[in-house]
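Beneath this line is the structure, given in C-alpha cells, with notes to follow.
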Amino acid sequence: MTLARILVAALCLLPLVAGAQTFPAKPVKIVVPYAPGGGVDAIARALAERLAQKWGQPVVVENKTGASTIIGAQAVTKAAPDGHTLLLTSEATITSNPFLFDKLPYDPIRELAPITQVAALPQMVIAHSSVEASSMDELVALAKKTPGGLTYASYGSGSLPHLLFEGLKARTGAPLVQVPYKGIAPAVTAVLAGEAQLTLAGVPSAMGHIKAGKMKPLAIARAERLPALPQVPTLREAGYSDIDPGESWFGLFVTAGTPAGMVQKIAMDVADVAADPAFRERHMTVRGFDPVFSSPEAFAKFIQADMRQKERLIRVSGAKAE
C-alpha cells in the first residue's frame with residue numbers, strides 16, 4: 001500500500017475514532033421490549049447501573065412492551081444511529097419473529113446492529129415424574145403406544161417448546177399434543193401438576209423440581225452437558241440435533257448505521273463490566289444464565305446460524321404469530 005493510500009485510510013478512520021472517544025455525549029437509553037421484573041429487564045438494569053458509572057452519563061431502561069416485542073424493537077430501528085439508543089432483547093425479536101409474522105415492520109438484520117450476546121439460558125426437555133421414559137428415544141416409543149399420544153405444555157405458537165415437540169412429531173411421527181399456556185412459568189406448573197406431561201423449560205425453572213423428584217430431565221438443548229446434571233445428554237448426543245431449537249438468549253443491539261467505532265466501544269465497555277466476577281455471579285449465574293459477552297462479529301455469526309435453524313423449525317411446525 002502506498003503512503004497516499006495509508007493516509008487516506010487513516011483519515012477515513014478518524015471520524016470513527018473521534019466518535020468513539022466522545023461517546024456518550026448525552027444520556028443513553030436501553031429499550032427492553034418486556035415488562036419490568038423479568039430476566040431481560042433485570043440484566044438491563046444491572047448493566048445500566050454499571051455503564052452509567054463508567055460513562056459518566058445517565059443510562060435508563062425503558063420498557064416498551066407489546067406485539068411480541070415488535071413495539072420495542074421498532075422504536076430502536078427508528079432511533080438516531082448515534083449509539084445512544086440500545087435494545088436488549090431475546091432471540092424471539094431477532095431470529096423467530098421474521099418467520100412467525102407474514103409482515104414484520106422492522107428488519108432485524110438490516111435495521112439493527114449486533115453488539116454482544118449477553119447471556120444464554122439453557123433449555124431442558126422435562127417430563128412429569130410419572131412419564132415412563134428416561135430418554136428421547138423412549139419418549140418417542142411411549143408416545144406412539146399411548147392412546148391419544150402425550151401432551152406438552154408450550155407458551156404459544158413459535159415458542160421453543162412448540163418448535164421442539166412439533167419438530168419431534170414431524171421427524172418421528174410420535175403423537176404429541178400441544179397445550180398452550182401464557183408463559184413458561186405456567187407451562188412448568190402445568191407439568192408439575194400433571195396437566196401436561198412434557199415441556200421444554202429453562203434450567204433454573206426446572207432444577208428445583210428435578211431435585212425434588214417431581215420432574216425428570218430427558219435432554220438438554222445446549223452445546224455441552226450441564227455441569228450440574230452431567231448424566232443428562234444434549235439433544236445432539238441423543239441424536240436429535242436437527243430439531244434442537246437452541247438455547248434461549250439475550251443480546252444487546254443498536255440502531256443500524258451507528259458508527260463501527262461506537263459499536264466496538266459499547267461492546268468493550270459491556271465486556272469490561274461483565275469481567276467483574278461479582279457482577280456475573282449476582283446478576284447472571286445465580287439466575288441460571290450462562291454469561292457470554294461475545295464480540296459484535298461473533299454475535300453476528302451466531303445470529304445467522306440461529307436464524308437458519310429457527311426458520312427451518314418454524315416452517316416444519318407451521319407456527320404463526322398469535
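Lettering and numbering for the C-alpha cells are positional, with chains as A, B, ... in the shown order, residues counted from 1 in each chain, and ligands counted from 1 in the shown order.
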
Please provide as an mmCIF file with C-alpha atoms, in the first residue's frame all residues within 6 Å of stretch 73-87 of chain A, with the sequence filter that same-chain residues fewer than 5 positions apart are discarded (counting only C-alpha atoms).
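Saved as result38.cif:
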data_model
loop_
_atom_site.group_PDB
_atom_site.id
_atom_site.type_symbol
_atom_site.label_atom_id
_atom_site.label_comp_id
_atom_site.auth_asym_id
_atom_site.auth_seq_id
_atom_site.Cartn_x
_atom_site.Cartn_y
_atom_site.Cartn_z
ATOM 1 C CA VAL A 28 -28.225 6.554 26.961
ATOM 2 C CA LYS A 29 -31.462 4.586 26.767
ATOM 3 C CA ILE A 30 -31.727 0.783 26.880
ATOM 4 C CA VAL A 31 -35.060 -0.294 25.432
ATOM 5 C CA TYR A 106 -38.699 -3.984 11.090
ATOM 6 C CA GLU A 111 -32.045 -2.187 10.833
ATOM 7 C CA LEU A 252 -27.651 -6.131 23.007
ATOM 8 C CA PHE A 253 -28.269 -4.219 19.770
ATOM 9 C CA VAL A 254 -28.052 -0.677 18.456
ATOM 10 C CA THR A 255 -29.654 1.131 15.537
ATOM 11 C CA GLY A 257 -25.809 2.819 10.803
ATOM 12 C CA THR A 258 -24.244 3.603 14.170
#

> What are the DSSP alpha helix (DSSP H) residues of stretch 31-240 of chain A, as a ChimeraX atom specification?
Replying inline: /A:39-55,70-77,91,97-100,136-145,160-172,184-193,203-211

> Can you list, as a PyMOL selection string, every protein, DNA or RNA residue that comes within 8 Å of stretch 55-57 of chain A when you count only C-alpha atoms, leaving out same-chain residues fewer than 6 positions away?
Replying inline: chain A and resi 24-28

>> Just want the 8 Å neighbourhood of A:Ile115, counted on only C-alpha atoms, with same-chain residues fewer than 3 positions away dropped. Output as a list of chain:residue names.
In response: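 In the requested form, the answer reads A:Gly251, A:Leu252, A:Phe253, A:Val254, A:Val263, A:Gln264, A:Ile266, A:Ala267, A:Ser295, A:Pro296, A:Phe299.
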
>> List the spatial neighbours of A:Val125 as an MDAnalysis selection string - criterion: any atom at most 12 Å away, only C-alpha atoms, same-chain residues fewer than 2 positions off excluded.
In response: chainID A and resid 122:123 127:128 133:136 139 152:154 160:162 164:165 168 188 191 197:203 205:207 210 215:222 232:235 238 240 244:247

Write the residues of the preceding selection, restricted to C-alpha atoms, as a PDB file, in the first residue's frame.
ATOM      1  CA  PRO A 122     -30.065 -23.498  28.539  1.00  0.00           C
ATOM      2  CA  GLN A 123     -33.350 -25.255  27.814  1.00  0.00           C
ATOM      3  CA  ALA A 127     -41.262 -34.730  31.845  1.00  0.00           C
ATOM      4  CA  HIS A 128     -43.590 -35.331  34.758  1.00  0.00           C
ATOM      5  CA  ALA A 133     -39.397 -42.650  29.624  1.00  0.00           C
ATOM      6  CA  SER A 134     -35.838 -41.741  30.512  1.00  0.00           C
ATOM      7  CA  SER A 135     -34.535 -40.742  27.086  1.00  0.00           C
ATOM      8  CA  MET A 136     -35.739 -39.101  23.889  1.00  0.00           C
ATOM      9  CA  LEU A 139     -40.239 -40.842  24.860  1.00  0.00           C
ATOM     10  CA  TYR A 152     -46.714 -30.968  26.038  1.00  0.00           C
ATOM     11  CA  ALA A 153     -47.035 -27.505  27.576  1.00  0.00           C
ATOM     12  CA  SER A 154     -45.870 -24.550  25.497  1.00  0.00           C
ATOM     13  CA  LEU A 160     -39.244 -23.044  21.951  1.00  0.00           C
ATOM     14  CA  PRO A 161     -41.312 -25.970  23.328  1.00  0.00           C
ATOM     15  CA  HIS A 162     -43.624 -25.728  20.323  1.00  0.00           C
ATOM     16  CA  LEU A 164     -39.030 -28.754  19.599  1.00  0.00           C
ATOM     17  CA  PHE A 165     -42.030 -31.024  20.026  1.00  0.00           C
ATOM     18  CA  LEU A 168     -40.073 -34.256  17.027  1.00  0.00           C
ATOM     19  CA  VAL A 188     -43.783 -25.679  34.055  1.00  0.00           C
ATOM     20  CA  VAL A 191     -46.309 -30.263  34.011  1.00  0.00           C
ATOM     21  CA  GLN A 197     -46.709 -34.415  30.545  1.00  0.00           C
ATOM     22  CA  LEU A 198     -43.824 -32.618  28.868  1.00  0.00           C
ATOM     23  CA  THR A 199     -42.298 -29.234  28.187  1.00  0.00           C
ATOM     24  CA  LEU A 200     -39.047 -27.520  27.282  1.00  0.00           C
ATOM     25  CA  ALA A 201     -38.010 -25.159  30.061  1.00  0.00           C
ATOM     26  CA  GLY A 202     -35.096 -23.067  31.232  1.00  0.00           C
ATOM     27  CA  VAL A 203     -32.849 -24.939  33.640  1.00  0.00           C
ATOM     28  CA  SER A 205     -37.266 -23.029  36.458  1.00  0.00           C
ATOM     29  CA  ALA A 206     -36.963 -26.821  36.389  1.00  0.00           C
ATOM     30  CA  MET A 207     -33.953 -27.621  38.566  1.00  0.00           C
ATOM     31  CA  ILE A 210     -35.919 -32.188  39.267  1.00  0.00           C
ATOM     32  CA  MET A 215     -39.821 -33.958  37.181  1.00  0.00           C
ATOM     33  CA  LYS A 216     -37.256 -35.826  35.135  1.00  0.00           C
ATOM     34  CA  PRO A 217     -34.826 -34.375  32.573  1.00  0.00           C
ATOM     35  CA  LEU A 218     -34.546 -36.183  29.242  1.00  0.00           C
ATOM     36  CA  ALA A 219     -32.142 -33.986  27.250  1.00  0.00           C
ATOM     37  CA  ILE A 220     -30.693 -30.501  27.197  1.00  0.00           C
ATOM     38  CA  ALA A 221     -30.616 -28.003  24.345  1.00  0.00           C
ATOM     39  CA  ARG A 222     -27.002 -26.969  24.828  1.00  0.00           C
ATOM     40  CA  VAL A 232     -28.349 -35.665  31.026  1.00  0.00           C
ATOM     41  CA  PRO A 233     -27.294 -35.848  27.353  1.00  0.00           C
ATOM     42  CA  THR A 234     -27.533 -32.981  24.923  1.00  0.00           C
ATOM     43  CA  LEU A 235     -30.073 -33.231  22.117  1.00  0.00           C
ATOM     44  CA  ALA A 238     -29.312 -38.102  21.873  1.00  0.00           C
ATOM     45  CA  TYR A 240     -31.858 -35.047  17.733  1.00  0.00           C
ATOM     46  CA  ASP A 244     -32.767 -28.615  18.598  1.00  0.00           C
ATOM     47  CA  PRO A 245     -34.274 -25.099  18.908  1.00  0.00           C
ATOM     48  CA  GLY A 246     -31.177 -23.972  20.801  1.00  0.00           C
ATOM     49  CA  GLU A 247     -30.790 -22.056  23.993  1.00  0.00           C
TER      50      GLU A 247
END

> Which is closer to A:Ala143 than all the others in A:Met262, A:Ser159, A:Ile126, A:Ala174, using only C-alpha atoms?
Replying inline: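 Nearest to A:Ala143: A:Ala174.
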
> Suppose you want the space between atom CA of A:Gly208 and atom CA of A:Val179; what is it in Å?
Replying inline: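 About the pair atom CA of A:Gly208 and atom CA of A:Val179: they are 22.8 Å apart.
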
Do a neighbour search on A:Pro180 at 8 Å with only C-alpha atoms, toss out local chain neighbours closer than 2 positions, and write the hits as a PDB file with C-alpha atoms, in the first residue's frame.
ATOM      1  CA  ALA A 153     -47.035 -27.505  27.576  1.00  0.00           C
ATOM      2  CA  SER A 154     -45.870 -24.550  25.497  1.00  0.00           C
ATOM      3  CA  TYR A 155     -46.175 -20.804  25.744  1.00  0.00           C
ATOM      4  CA  GLY A 156     -47.696 -20.350  22.344  1.00  0.00           C
ATOM      5  CA  SER A 157     -47.109 -20.875  18.652  1.00  0.00           C
ATOM      6  CA  GLN A 178     -49.743 -29.007  22.348  1.00  0.00           C
ATOM      7  CA  LYS A 182     -49.467 -17.807  28.929  1.00  0.00           C
ATOM      8  CA  ALA A 187     -46.185 -24.247  31.467  1.00  0.00           C
TER       9      ALA A 187
END

> Could you state the separation of atom CA of A:Lys211 and atom CA of A:Met284 in Å, given to one decimal place?
Replying inline: 21.1 Å

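Computed from the coordinates, the atom CA of A:Pro175 to atom CA of A:Ile243 distance equals 15.9 Å.
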
> Closest to A:Glu49 among A:Val273, A:Pro204, A:Glu322, A:Ser294, using only C-alpha atoms?
Replying inline: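 Nearest candidate to A:Glu49 out of A:Val273, A:Pro204, A:Glu322, A:Ser294: A:Val273.
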
Just want the 10 Å neighbourhood of A:Ala67, counted on only C-alpha atoms, with same-chain residues fewer than 2 positions away dropped. Output as a PDB file with C-alpha atoms, in the first residue's frame.
ATOM      1  CA  PRO A  33     -39.445  -4.960  24.933  1.00  0.00           C
ATOM      2  CA  LYS A  64     -41.671  -0.821  25.634  1.00  0.00           C
ATOM      3  CA  THR A  65     -43.856  -3.894  25.721  1.00  0.00           C
ATOM      4  CA  THR A  69     -41.580  -7.386  21.239  1.00  0.00           C
ATOM      5  CA  ILE A  70     -42.245  -5.577  17.947  1.00  0.00           C
ATOM      6  CA  ILE A  71     -43.046  -2.203  19.548  1.00  0.00           C
ATOM      7  CA  GLY A  72     -39.747  -2.010  21.412  1.00  0.00           C
ATOM      8  CA  ALA A 321     -47.850 -15.428  15.286  1.00  0.00           C
ATOM      9  CA  GLU A 322     -50.890 -15.455  17.541  1.00  0.00           C
TER      10      GLU A 322
END
